[in-house]
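What follows is a set of notes on a single structure, which appears directly below.
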Amino acid sequence: MTPALELRHYGHDDLPEIRQTLIDVHADVHADRMADDEFRQKFPWFVDHWGGNPGFSCVIAHDGDEVVGFAYGAPGAEGREWWREHLDPAPEKARTFHFSELMVRERWRKTGAAERLHRALMDSRDDDLTVLLVDVTHPKVEALYESWGYRRVGEDQPFPDSPVYAVMVADLPLS
C-alpha cells in the first residue's frame, strides 16, 4: 500500500536547507555498511557536487513529520555525456538528466514510495534523456529501473574505489 506522502521539490538554491536531511537519510539507509565502506562515506561530497550544479533538482518525500526518502540529480553538460560511449550510434538527442540518487528508508520500502519519488523527479524534467548507474551486484534494483523504462547500455566504474555500475538510459518523458 502506498502511504499518503507529501512530495516537496527543491533546487540548487535550497541545498543549504536540505543538505543535512539528504546526508541523514543516506546514513540511515546505509547504517550497517557505513563504517566499512569508504566510498559510501564520501556521500556528503556527492551531495555538494550534485547540489552545486545550477540545474540540481531534488524531491523529498514526507510522511507526516518523517522523511521517507529522496531522489535527486542534475542535467549533464552538453558535450560531456560520458555514457554515450556505451551506445553506437549515440542518440541524436542531447539534453540529459543525470539521475544520481534514490533512497527510501526501510519502513517505507515496498510501498511504492520509490516509484513516486522517481516519477515526481522525472516528470518535472524537460530533458531528452535520463541516465543512471546501478551497482551490478544489485540485479533487483536494475530490474526495477527496467520496469520504469530504463535499458542497460553498458558498465562503468567511475572512480577507482567505486563499485562497477550498470549504465542505464531512458527517454524522457517516461511512458
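Residues are named by chain letter and number: chains run A, B, ... in the order of the C-alpha cells, numbers start at 1 in each chain, and ligands are numbered from 1 in the order shown.
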_Trp50 in chain A surroundings by only C-alpha atoms, 9 Å radius, close-in-sequence under 2 positions cut, as a list of chain:residue names_ =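 Result of the neighbour search: A:His12, A:Trp45, A:Phe46, A:Val47, A:Asp48, A:Gly52, A:Asn53, A:Pro54, A:Gly55, A:Phe56, A:Ser57, A:Tyr72, A:Gly73, A:Ala74, A:Ser100.
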TODO: Within 7 Å of range 85-94 of chain A, counting only C-alpha atoms, which residues show up once you throw out same-chain ones fewer than 6 positions away? Write them as a list in words, please.
DONE: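 Within the cut-off, the hits are Glu78, Asp128, Val153 and Gly154 of chain A.
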One residue among A:Asp156, A:Leu102, A:Asp171, A:Val67 is nearest to Ala120 in chain A when using only C-alpha atoms, and that residue is A:Leu102
_Need to verify the contact set: Val29 in chain A, 8 Å, only C-alpha atoms, exclusion of same-chain residues closer than 6 positions in sequence. Can you return it as a list in words?_
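Contacts, with the query itself left out: Met103, Val104, Arg105 and Glu106 of chain A.
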Serialized selection, all heavy atoms, as a short mmCIF file (atom, residue, chain, number, x, y, z; two decimals), in the first residue's frame:
```
data_model
loop_
_atom_site.label_atom_id
_atom_site.label_comp_id
_atom_site.auth_asym_id
_atom_site.auth_seq_id
_atom_site.Cartn_x
_atom_site.Cartn_y
_atom_site.Cartn_z
N MET A 103 16.79 7.15 -2.61
CA MET A 103 16.88 6.42 -1.34
C MET A 103 15.56 6.48 -0.62
O MET A 103 14.94 7.55 -0.55
CB MET A 103 17.97 7.03 -0.45
CG MET A 103 19.33 6.77 -0.98
SD MET A 103 20.59 7.15 0.21
CE MET A 103 21.96 7.15 -0.94
N VAL A 104 15.15 5.33 -0.10
CA VAL A 104 13.93 5.23 0.69
C VAL A 104 14.29 4.49 1.98
O VAL A 104 14.92 3.43 1.94
CB VAL A 104 12.83 4.48 -0.09
CG1 VAL A 104 11.61 4.25 0.79
CG2 VAL A 104 12.45 5.25 -1.34
N ARG A 105 13.89 5.07 3.08
CA ARG A 105 14.15 4.45 4.38
C ARG A 105 13.37 3.14 4.51
O ARG A 105 12.31 2.96 3.92
CB ARG A 105 13.82 5.43 5.49
CG ARG A 105 14.79 6.63 5.44
CD ARG A 105 14.45 7.74 6.40
NE ARG A 105 14.48 7.26 7.76
CZ ARG A 105 13.67 7.75 8.71
NH1 ARG A 105 12.80 8.69 8.44
NH2 ARG A 105 13.75 7.29 9.94
N GLU A 106 13.92 2.23 5.28
CA GLU A 106 13.45 0.85 5.40
C GLU A 106 11.93 0.74 5.62
O GLU A 106 11.27 -0.06 4.96
CB GLU A 106 14.18 0.16 6.56
CG GLU A 106 13.83 -1.30 6.73
CD GLU A 106 14.42 -2.19 5.65
OE1 GLU A 106 15.52 -1.89 5.15
OE2 GLU A 106 13.77 -3.19 5.30
#
```
Quick one: pick out all helix (DSSP H, G or I) residues within range 35-115 of chain A from a backbone DSSP run and write them as a VMD selection string. chain A and resid 35 to 36 38 to 41 43 to 51 82 to 86 106 to 108 113 to 115
Could you save those same residues with N, CA and C atoms as a compact mmCIF listing (two decimals), in the first residue's frame?
```txt
# COMPACT_ATOMS: atom_id res chain seq x y z
N ALA A 35 30.52 2.12 8.28
CA ALA A 35 31.82 2.07 8.94
C ALA A 35 32.90 1.42 8.08
N ASP A 36 32.50 0.44 7.25
CA ASP A 36 33.48 -0.31 6.46
C ASP A 36 33.57 0.10 5.00
N GLU A 38 34.38 2.99 2.56
CA GLU A 38 34.91 4.33 2.36
C GLU A 38 34.19 5.08 1.24
N PHE A 39 33.75 4.36 0.22
CA PHE A 39 33.05 5.04 -0.88
C PHE A 39 31.73 5.62 -0.39
N ARG A 40 30.98 4.87 0.39
CA ARG A 40 29.71 5.39 0.93
C ARG A 40 29.95 6.56 1.88
N GLN A 41 31.09 6.58 2.56
CA GLN A 41 31.41 7.67 3.47
C GLN A 41 31.62 8.99 2.73
N PHE A 43 29.59 10.28 0.66
CA PHE A 43 28.29 10.79 0.22
C PHE A 43 28.16 12.31 0.38
N PRO A 44 28.59 12.93 1.48
CA PRO A 44 28.47 14.40 1.57
C PRO A 44 29.16 15.12 0.40
N TRP A 45 30.27 14.58 -0.07
CA TRP A 45 30.94 15.19 -1.23
C TRP A 45 30.03 15.11 -2.45
N PHE A 46 29.37 13.98 -2.66
CA PHE A 46 28.47 13.83 -3.80
C PHE A 46 27.27 14.77 -3.70
N VAL A 47 26.73 14.93 -2.49
CA VAL A 47 25.62 15.87 -2.30
C VAL A 47 26.07 17.27 -2.73
N ASP A 48 27.26 17.67 -2.29
CA ASP A 48 27.76 19.00 -2.65
C ASP A 48 28.05 19.11 -4.14
N HIS A 49 28.59 18.04 -4.72
CA HIS A 49 28.89 18.03 -6.15
C HIS A 49 27.61 18.22 -6.97
N TRP A 50 26.63 17.37 -6.73
CA TRP A 50 25.38 17.44 -7.50
C TRP A 50 24.60 18.70 -7.16
N GLY A 51 24.53 19.02 -5.88
CA GLY A 51 23.80 20.21 -5.44
C GLY A 51 24.44 21.51 -5.93
N TRP A 82 29.23 11.27 -20.76
CA TRP A 82 30.16 10.16 -20.64
C TRP A 82 29.51 8.83 -21.04
N TRP A 83 28.23 8.71 -20.87
CA TRP A 83 27.54 7.46 -21.13
C TRP A 83 27.40 7.17 -22.62
N ARG A 84 27.56 8.18 -23.48
CA ARG A 84 27.38 7.99 -24.93
C ARG A 84 28.36 6.96 -25.50
N GLU A 85 29.50 6.80 -24.87
CA GLU A 85 30.49 5.84 -25.36
C GLU A 85 29.94 4.41 -25.33
N HIS A 86 28.87 4.19 -24.59
CA HIS A 86 28.28 2.86 -24.49
C HIS A 86 27.26 2.58 -25.60
N GLU A 106 13.92 2.23 5.28
CA GLU A 106 13.45 0.85 5.40
C GLU A 106 11.93 0.74 5.62
N ARG A 107 11.38 1.52 6.49
CA ARG A 107 9.97 1.41 6.84
C ARG A 107 9.04 1.62 5.64
N TRP A 108 9.49 2.38 4.65
CA TRP A 108 8.65 2.72 3.51
C TRP A 108 9.01 1.95 2.24
N ALA A 113 6.79 4.05 -2.60
CA ALA A 113 7.41 5.35 -2.34
C ALA A 113 8.56 5.63 -3.32
N ALA A 114 9.37 4.63 -3.62
CA ALA A 114 10.49 4.84 -4.54
C ALA A 114 9.99 5.26 -5.92
N GLU A 115 8.98 4.58 -6.41
CA GLU A 115 8.46 4.93 -7.74
C GLU A 115 7.84 6.32 -7.73
```
Which residue, A:Glu142, A:Gly112, A:Asp127, A:Leu117, has the smallest gap to Ala77 in chain A when you use only C-alpha atoms?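 Closest residue, counting only C-alpha atoms: A:Asp127.
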Check the smallest atom-to-atom distance from each of A:Tyr150, A:Phe97, A:Phe70, A:Tyr165 to Leu5 in chain A using only C-alpha atoms, then report the winner.
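Result for the nearest residue to Leu5 in chain A: A:Phe70.
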